[in-house]
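Have a look at start21.txt below; it lists compact mmCIF, C-alpha atoms.
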```txt
# COMPACT_ATOMS: atom_id res chain seq x y z
CA MET A 645 0.00 0.00 0.00
CA ASN A 646 1.28 3.47 -0.85
CA GLN A 647 1.95 6.09 1.78
CA PRO A 648 -0.63 8.88 1.63
CA LYS A 649 0.87 11.69 -0.48
CA ARG A 650 2.31 14.50 1.64
CA LEU A 651 0.86 17.84 0.62
CA MET A 652 3.57 19.95 -0.94
CA LYS A 653 3.54 23.67 -0.21
CA ILE A 654 4.17 24.35 -3.90
CA GLU A 655 0.84 22.68 -4.65
CA ALA A 656 -1.15 25.17 -2.56
CA PHE A 657 0.93 28.04 -3.88
CA VAL A 658 0.42 27.25 -7.58
CA SER A 659 -3.24 26.55 -7.01
CA LYS A 660 -3.75 29.98 -5.39
CA SER A 661 -1.82 31.64 -8.23
CA LEU A 662 -3.90 30.31 -11.14
CA GLY A 663 -5.98 32.89 -13.00
CA GLU A 664 -5.70 36.36 -14.44
CA TRP A 665 -3.90 39.19 -12.69
CA ILE A 666 -3.26 42.88 -13.22
CA SER A 667 0.26 43.71 -12.11
CA MET A 668 1.68 47.11 -11.12
CA ARG A 669 5.44 46.75 -11.11
CA SER A 670 8.14 49.23 -10.11
CA GLY A 671 11.79 48.72 -10.94
CA HIS A 672 14.61 50.48 -9.11
CA SER A 673 17.93 50.85 -10.87
CA LEU A 674 20.11 51.49 -7.81
CA ALA A 675 23.27 52.87 -9.41
CA PHE A 676 21.38 55.41 -11.53
CA LYS A 677 18.46 56.06 -9.13
CA GLN A 678 16.08 55.44 -11.99
CA PHE A 679 12.51 54.26 -11.56
CA GLU A 680 10.63 52.08 -14.04
CA GLN A 681 6.88 51.55 -13.98
CA VAL A 682 5.08 48.74 -15.75
CA VAL A 683 1.44 47.72 -15.79
CA SER A 684 0.91 44.17 -17.10
CA LYS A 685 -1.78 41.61 -17.51
CA ILE A 686 -0.65 38.18 -16.34
CA ASN A 687 -2.29 34.83 -16.94
CA ILE A 688 -1.25 31.75 -14.98
CA GLN A 689 -2.64 28.40 -16.15
CA GLU A 690 -2.03 24.76 -15.39
CA LEU A 691 -0.46 22.53 -18.04
CA SER A 692 -0.79 18.81 -18.56
CA MET A 693 2.21 16.54 -17.89
CA LYS A 694 1.66 15.35 -21.46
CA ASN A 695 2.18 18.83 -22.90
CA LYS A 696 4.97 18.63 -25.49
CA ALA A 697 6.73 21.75 -24.26
CA VAL A 698 6.76 20.35 -20.73
CA ILE A 699 8.24 17.03 -21.87
CA HIS A 700 10.81 18.87 -23.98
CA LEU A 701 11.91 21.10 -21.09
CA ILE A 702 12.30 18.17 -18.71
CA GLU A 703 14.42 16.31 -21.29
CA ALA A 704 16.51 19.40 -22.04
CA SER A 705 17.16 19.99 -18.33
CA LYS A 706 18.96 16.63 -18.07
CA LEU A 707 17.62 16.32 -14.54
CA GLU A 708 16.50 12.97 -13.18
CA VAL A 709 12.90 13.87 -12.66
CA ASN A 710 10.86 11.36 -10.70
CA THR A 711 8.14 13.54 -9.32
CA PRO A 712 7.54 16.67 -11.35
CA PHE A 713 4.09 18.02 -10.86
CA LEU A 714 1.81 20.93 -11.41
CA PRO A 715 3.53 22.34 -14.49
CA PHE A 716 2.09 25.73 -15.33
CA LYS A 717 2.47 28.55 -17.82
CA ILE A 718 2.74 32.27 -17.18
CA CYS A 719 1.79 34.63 -20.02
CA TRP A 720 2.26 38.37 -19.73
CA GLU A 721 1.50 41.47 -21.72
CA ALA A 722 3.34 44.51 -20.41
CA GLU A 723 3.53 48.21 -21.06
CA SER A 724 6.70 49.86 -19.81
CA ASP A 725 7.70 53.50 -19.55
CA TRP A 726 11.47 53.02 -19.62
CA GLY A 727 12.88 56.27 -20.92
CA GLY A 728 9.81 58.35 -20.22
CA GLU A 729 6.84 59.26 -22.38
CA GLY A 730 6.99 58.76 -26.10
CA ASN A 731 9.30 55.82 -25.68
CA GLU A 732 6.81 53.19 -24.63
CA ASP A 733 7.56 49.58 -25.17
CA LYS A 734 5.14 46.68 -25.20
CA GLU A 735 6.35 43.30 -24.21
CA ILE A 736 4.53 40.02 -24.61
CA GLY A 737 5.96 36.78 -23.37
CA GLU A 738 5.35 33.45 -21.81
CA SER A 739 7.27 31.07 -19.62
CA ILE A 740 6.69 27.47 -18.60
CA MET A 741 7.42 26.44 -15.02
CA ILE A 742 7.83 22.85 -13.81
CA PRO A 743 8.21 22.41 -10.04
CA ILE A 744 10.12 19.37 -8.80
CA PRO A 745 9.74 19.19 -5.01
CA ASN A 746 12.61 17.78 -2.94
CA ASN A 747 10.53 17.90 0.20
CA GLU A 748 7.45 19.63 1.57
CA SER A 749 8.88 23.14 1.37
CA GLU A 750 11.86 23.07 -1.02
CA GLY A 751 12.65 22.00 -4.53
CA LEU A 752 13.68 22.83 -8.05
CA LEU A 753 11.80 24.68 -10.74
CA ILE A 754 12.56 24.18 -14.41
CA ARG A 755 11.72 27.33 -16.32
CA GLY A 756 11.84 28.02 -20.01
CA ARG A 757 10.27 30.40 -22.45
CA GLY A 758 8.11 27.88 -24.22
CA TYR A 759 8.86 25.17 -26.75
CA THR A 760 10.95 27.19 -29.20
CA GLU A 761 13.29 28.77 -26.68
CA LYS A 762 16.65 27.02 -26.40
CA ASP A 763 17.72 28.54 -23.10
CA SER A 764 16.02 27.23 -20.06
CA ALA A 765 17.05 27.59 -16.45
CA VAL A 766 16.74 25.53 -13.31
CA SER A 767 15.84 27.55 -10.23
CA THR A 768 15.76 26.50 -6.60
CA TYR A 769 12.77 27.40 -4.46
CA LYS A 770 11.85 27.31 -0.81
CA PHE A 771 9.09 28.56 1.46
CA LEU A 772 9.72 30.73 4.52
CA SER A 773 7.91 30.15 7.81
CA ASP A 774 5.00 32.42 6.71
CA GLU A 775 4.61 30.71 3.27
CA THR A 776 6.57 33.40 1.41
CA PHE A 777 7.84 31.71 -1.77
CA ILE A 778 11.51 32.32 -2.60
CA LEU A 779 12.97 31.51 -6.00
CA LYS A 780 16.65 31.77 -6.97
CA THR A 781 17.86 31.52 -10.55
CA ALA A 782 21.41 31.69 -11.87
CA TYR A 783 21.69 32.90 -15.46
CA LYS A 784 24.97 33.43 -17.32
CA GLN A 785 25.44 37.10 -16.40
CA THR A 786 23.04 37.53 -13.50
CA VAL A 787 21.52 35.86 -10.46
CA THR A 788 17.94 36.72 -9.54
CA GLU A 789 16.05 36.20 -6.31
CA GLU A 790 12.28 36.55 -6.39
CA ARG A 791 9.94 36.39 -3.42
CA ILE A 792 6.16 36.13 -3.72
CA TRP A 793 3.71 36.39 -0.85
CA PHE A 794 -0.08 36.56 -0.73
CA ILE A 795 -1.49 39.47 1.26
CA SER A 796 -5.09 38.41 0.60
CA GLN A 797 -6.80 35.78 -1.53
CA ASN A 798 -6.76 38.12 -4.51
CA VAL A 799 -3.63 40.19 -4.01
CA ARG A 800 -0.04 39.01 -4.05
CA CYS A 801 3.26 40.86 -3.84
CA ARG A 802 6.36 39.93 -5.80
CA SER A 803 9.81 41.39 -5.28
CA SER A 804 12.95 40.63 -7.24
CA ILE A 805 16.64 41.34 -6.89
CA ILE A 806 19.01 41.09 -9.84
CA ARG A 807 22.72 40.69 -9.06
CA ALA A 808 25.73 40.54 -11.38
CA SER A 809 27.09 36.97 -11.33
CA SER A 810 30.68 38.20 -11.30
CA SER A 811 30.60 40.70 -8.43
CA SER A 812 27.33 39.98 -6.61
CA GLY A 813 26.67 43.74 -6.97
CA ILE A 814 22.96 44.52 -7.02
CA LEU A 815 21.88 45.83 -10.42
CA GLN A 816 18.15 46.21 -9.95
CA THR A 817 15.35 45.59 -7.51
CA SER A 818 11.68 45.47 -8.40
CA PHE A 819 8.33 45.10 -6.72
CA ALA A 820 4.96 44.13 -8.18
CA SER A 821 1.49 44.34 -6.67
CA GLU A 822 -0.69 41.77 -8.43
CA VAL A 823 -4.48 41.94 -8.19
CA ARG A 824 -6.65 39.08 -9.42
CA ILE A 825 -9.12 39.96 -12.19
CA LEU A 826 -12.51 38.72 -10.98
CA LYS A 827 -15.11 37.82 -13.57
CA GLY A 828 -18.50 39.52 -13.48
CA ASN A 829 -17.69 41.55 -10.39
CA SER A 830 -16.13 44.85 -9.63
CA GLN A 831 -12.53 44.58 -8.54
CA GLN A 832 -12.16 43.66 -4.89
CA VAL A 833 -8.70 44.09 -3.44
CA MET B 704 24.87 34.77 39.08
CA ASN B 705 22.85 36.03 36.13
CA GLN B 706 22.11 33.87 33.14
CA PRO B 707 24.07 35.00 30.09
CA LYS B 708 21.86 37.35 28.08
CA ARG B 709 20.23 35.64 25.11
CA LEU B 710 20.95 37.52 21.89
CA MET B 711 17.75 39.00 20.57
CA LYS B 712 17.28 39.08 16.80
CA ILE B 713 16.08 42.69 17.06
CA GLU B 714 19.51 43.59 18.42
CA ALA B 715 21.34 42.41 15.33
CA PHE B 716 18.68 43.95 13.10
CA VAL B 717 18.85 47.43 14.64
CA SER B 718 22.62 47.31 14.74
CA LYS B 719 22.76 46.52 10.99
CA SER B 720 20.27 49.31 10.27
CA LEU B 721 22.14 52.19 11.95
CA GLY B 722 23.55 54.82 9.62
CA GLU B 723 22.54 56.90 6.64
CA TRP B 724 20.57 55.52 3.73
CA ILE B 725 19.29 56.68 0.36
CA SER B 726 15.84 55.22 -0.25
CA MET B 727 14.05 54.75 -3.58
CA ARG B 728 10.42 54.08 -2.76
CA SER B 729 7.51 53.20 -5.06
CA GLY B 730 3.91 53.34 -3.90
CA HIS B 731 1.10 51.47 -5.66
CA SER B 732 -2.43 52.73 -5.21
CA LEU B 733 -4.28 49.57 -6.25
CA ALA B 734 -7.79 50.90 -6.83
CA PHE B 735 -6.61 53.77 -9.05
CA LYS B 736 -3.55 52.04 -10.55
CA GLN B 737 -1.46 55.04 -9.62
CA PHE B 738 2.27 54.96 -9.02
CA GLU B 739 4.12 57.19 -6.59
CA GLN B 740 7.89 57.61 -6.56
CA VAL B 741 9.88 59.03 -3.68
CA VAL B 742 13.59 59.43 -3.13
CA SER B 743 14.51 60.04 0.53
CA LYS B 744 17.51 60.34 2.75
CA ILE B 745 17.06 58.31 5.94
CA ASN B 746 19.14 58.46 9.10
CA ILE B 747 18.85 55.76 11.78
CA GLN B 748 20.60 56.42 15.08
CA GLU B 749 20.66 54.83 18.53
CA LEU B 750 19.14 56.70 21.47
CA SER B 751 19.98 56.48 25.14
CA MET B 752 17.48 54.90 27.52
CA LYS B 753 17.76 58.19 29.44
CA ASN B 754 16.54 60.21 26.45
CA LYS B 755 13.50 62.24 27.58
CA ALA B 756 11.42 61.42 24.50
CA VAL B 757 12.07 57.71 25.07
CA ILE B 758 11.01 57.90 28.73
CA HIS B 759 7.93 59.90 27.75
CA LEU B 760 6.86 57.40 25.08
CA ILE B 761 7.25 54.44 27.42
CA GLU B 762 5.14 56.21 30.07
CA ALA B 763 2.52 57.25 27.52
CA SER B 764 2.23 53.70 26.19
CA LYS B 765 1.04 52.49 29.61
CA LEU B 766 2.83 49.22 28.94
CA GLU B 767 4.61 47.42 31.73
CA VAL B 768 8.06 47.64 30.29
CA ASN B 769 10.70 45.58 32.03
CA THR B 770 13.20 45.09 29.25
CA PRO B 771 13.06 47.79 26.61
CA PHE B 772 16.28 48.11 24.76
CA LEU B 773 18.00 49.61 21.79
CA PRO B 774 15.71 52.60 21.35
CA PHE B 775 16.49 54.34 18.08
CA LYS B 776 15.36 57.27 15.97
CA ILE B 777 14.59 57.37 12.27
CA CYS B 778 14.79 60.75 10.52
CA TRP B 779 13.80 61.17 6.89
CA GLU B 780 13.80 63.85 4.26
CA ALA B 781 11.69 62.94 1.27
CA GLU B 782 10.85 64.28 -2.14
CA SER B 783 7.63 62.93 -3.63
CA ASP B 784 6.17 63.27 -7.09
CA TRP B 785 2.52 62.64 -6.17
CA GLY B 786 0.49 64.38 -8.86
CA GLY B 787 3.29 64.58 -11.36
CA GLU B 788 5.74 67.32 -12.13
CA GLY B 789 5.19 70.81 -10.78
CA ASN B 790 3.44 69.41 -7.74
CA GLU B 791 6.42 68.23 -5.76
CA ASP B 792 6.16 67.91 -2.07
CA LYS B 793 8.98 67.71 0.45
CA GLU B 794 8.45 65.87 3.66
CA ILE B 795 10.69 65.88 6.67
CA GLY B 796 9.96 63.78 9.71
CA GLU B 797 11.27 61.68 12.51
CA SER B 798 10.04 58.77 14.53
CA ILE B 799 11.29 57.14 17.71
CA MET B 800 11.19 53.35 18.00
CA ILE B 801 11.51 51.38 21.24
CA PRO B 802 11.68 47.59 20.86
CA ILE B 803 10.42 45.46 23.75
CA PRO B 804 11.31 41.83 23.01
CA ASN B 805 8.97 39.09 24.24
CA ASN B 806 11.39 36.41 23.18
CA GLU B 807 14.30 35.94 20.82
CA SER B 808 12.33 36.62 17.65
CA GLU B 809 9.11 38.44 18.62
CA GLY B 810 8.08 41.49 20.57
CA LEU B 811 6.48 44.89 20.69
CA LEU B 812 7.72 48.18 19.27
CA ILE B 813 6.58 51.50 20.68
CA ARG B 814 6.68 54.12 17.95
CA GLY B 815 5.97 57.81 18.13
CA ARG B 816 6.85 60.88 16.19
CA GLY B 817 9.13 62.41 18.77
CA TYR B 818 8.49 64.19 22.02
CA THR B 819 5.85 66.68 20.87
CA GLU B 820 3.58 64.19 19.09
CA LYS B 821 0.63 63.05 21.17
CA ASP B 822 -0.27 60.00 19.10
CA SER B 823 2.00 57.05 19.45
CA ALA B 824 1.39 53.47 18.40
CA VAL B 825 2.41 50.05 19.64
CA SER B 826 3.36 47.63 16.88
CA THR B 827 4.06 43.92 17.05
CA TYR B 828 7.11 42.52 15.33
CA LYS B 829 8.49 39.11 14.48
CA PHE B 830 11.28 37.62 12.41
CA LEU B 831 10.70 35.01 9.69
CA SER B 832 12.98 31.99 9.28
CA ASP B 833 15.33 33.97 6.97
CA GLU B 834 15.56 36.99 9.35
CA THR B 835 13.00 39.06 7.43
CA PHE B 836 11.63 41.59 9.94
CA ILE B 837 7.81 41.93 10.00
CA LEU B 838 6.09 44.82 11.75
CA LYS B 839 2.31 45.22 12.18
CA THR B 840 0.71 48.44 13.39
CA ALA B 841 -2.97 49.20 13.95
CA TYR B 842 -3.88 52.87 13.65
CA LYS B 843 -7.42 54.27 13.96
CA GLN B 844 -8.33 54.04 10.27
CA THR B 845 -5.67 51.73 8.90
CA VAL B 846 -3.55 48.69 9.63
CA THR B 847 -0.06 48.52 8.15
CA GLU B 848 2.28 45.60 7.66
CA GLU B 849 5.91 46.32 6.87
CA ARG B 850 8.62 43.82 6.06
CA ILE B 851 12.31 44.64 5.90
CA TRP B 852 15.05 42.31 4.71
CA PHE B 853 18.73 42.82 4.03
CA ILE B 854 19.92 41.72 0.60
CA SER B 855 23.52 42.70 1.32
CA GLN B 856 25.33 44.47 4.12
CA ASN B 857 24.57 47.84 2.55
CA VAL B 858 21.23 47.29 0.82
CA ARG B 859 17.89 46.52 2.43
CA CYS B 860 14.40 46.19 1.01
CA ARG B 861 11.26 47.40 2.73
CA SER B 862 7.71 46.66 1.63
CA SER B 863 4.53 47.90 3.23
CA ILE B 864 0.83 47.12 2.92
CA ILE B 865 -1.83 49.56 4.13
CA ARG B 866 -5.31 48.14 4.81
CA ALA B 867 -8.52 49.88 5.84
CA SER B 868 -9.28 48.87 9.46
CA SER B 869 -13.00 48.54 8.70
CA SER B 870 -12.94 46.29 5.61
CA SER B 871 -9.39 44.89 5.51
CA GLY B 872 -9.39 46.13 1.89
CA ILE B 873 -5.89 46.92 0.67
CA LEU B 874 -5.46 50.64 0.03
CA GLN B 875 -1.80 50.85 -0.90
CA THR B 876 1.35 48.81 -1.20
CA SER B 877 4.85 50.22 -1.36
CA PHE B 878 8.41 49.07 -1.80
CA ALA B 879 11.67 50.78 -0.96
CA SER B 880 15.24 49.92 -1.93
CA GLU B 881 17.54 51.41 0.67
CA VAL B 882 21.26 51.81 -0.03
CA ARG B 883 23.69 52.77 2.74
CA ILE B 884 25.63 56.00 2.22
CA LEU B 885 29.28 55.11 2.72
CA LYS B 886 31.65 57.83 3.86
CA GLY B 887 34.72 58.62 1.81
CA ASN B 888 33.99 55.95 -0.77
CA SER B 889 32.05 55.67 -3.94
CA GLN B 890 28.68 53.99 -3.49
CA GLN B 891 28.94 50.23 -3.34
CA VAL B 892 25.67 48.36 -3.69
```
File written out as structure tokens:
Amino acid sequence: MNQPKRLMKIEAFVSKSLGEWISMRSGHSLAFKQFEQVVSKINIQELSMKNKAVIHLIEASKLEVNTPFLPFKICWEAESDWGGEGNEDKEIGESIMIPIPNNESEGLLIRGRGYTEKDSAVSTYKFLSDETFILKTAYKQTVTEERIWFISQNVRCRSSIIRASSSSGILQTSFASEVRILKGNSQQV
Amino acid sequence: MNQPKRLMKIEAFVSKSLGEWISMRSGHSLAFKQFEQVVSKINIQELSMKNKAVIHLIEASKLEVNTPFLPFKICWEAESDWGGEGNEDKEIGESIMIPIPNNESEGLLIRGRGYTEKDSAVSTYKFLSDETFILKTAYKQTVTEERIWFISQNVRCRSSIIRASSSSGILQTSFASEVRILKGNSQQV
């Protein structure tokens, strides 16, 4: 007989994150004291384990993956004001995330920008004592640390720190307030 | 013989926070999707337990205070851009903080805006498993939750959530990146 499956914290976290969100995001460029403001629409949806992009990313990661679960996809559509008015930039993107828990509150996360993207990354995640989700990713030039915490059922906060891989100097911080888009109702934060 | 004093987490936290900081702060007004940007200079300095304002605040709090320690003062000088250009607003202020640990990682914090201010508030604080400092304060109309975490010796992040006391609805979130001003050296983040 199998042991009853232990509930992973990542399971509750992903489940609470599914849906559509409006994000207000501020970036701080510390060396130049420059602010960036971005409003985005974000969609987070579950994917099947049979999804081709998911299978491809797991293979490409070369990880021995026994228990991946809850793969999901984040799509975003952003408007930035980098450089002030008249220089607006729209960005559309998507990223697939595949959590691989090591234990109840820690694990790996394979992330890639969809099926066609060659570069993928493997992040490590953990949960703090108050369920704050912390994600660390090492890219070639930079290391990022994100933390996401729910402040109500329909509002979550997300901060990120970008460091230079070489010096550990902090290049940028950012903070997003994400409010769930509720269907058929006025917004309730 | 006295027991050796247990090191309180608040002690290390305040000690790391002393000094002068440049703060980049972004406020998000969720209902109106408005951004606010503020650059401030912040000074955090230790106070003596014999400081008159400290004694006054402890008396006014009507708390039974056996073990207050490490009282400190935060002074700030801010420039805001609320309302866009041409409507700039400078704010100067100071606040006294008196931590009263309950145990190693939790306690109360008496806060007041100096000797002349009648209204003071008593906050609760705690530390998360990664030393993130969390401070909750109930005012008459609002409840605020702040969290502060160091991302290097000379850079700390501070987020805050302001809720309406009546509905728990979230009125505003904010995020500050605070960089220590180092004397005689170029800025090192």
### Task
At a cut-off of 6 Å, list the chain A residues touching chain B, using only C-alpha atoms, as a ChimeraX atom specification.
/A:772-773,813-814,833
### Task
Enter the distance from atom CA of Ile761 of chain B to atom CA of Asn805 of chain B, in Å, rounded to one decimal.
15.8 Å
### Message
Between A:Phe713, A:Phe676, A:Phe657, A:Trp665, which residue has the minimum interatomic distance to Ile792 of chain A, considering all atoms listed in the file?
### Response
A:Phe657
### Task
Quick one: pull the distance between atom CA of Arg850 of chain B and atom CA of Ile837 of chain B, Å, one decimal.
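Computing the Euclidean distance for atom CA of Arg850 of chain B and atom CA of Ile837 of chain B yields 4.4 Å.
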## Note on the structure
Atom pair atom CA of Arg824 of chain A + atom CA of Lys843 of chain B, distance 27.9 Å
### Query
Taking (17.4, 58.2, 7.2) in the file's coordinates as the center, which residues reach within 7 Å of it, counting all atoms listed in the file, put as a VMD selection string?
chain B and resid 723 to 724 744 to 747 777 to 779
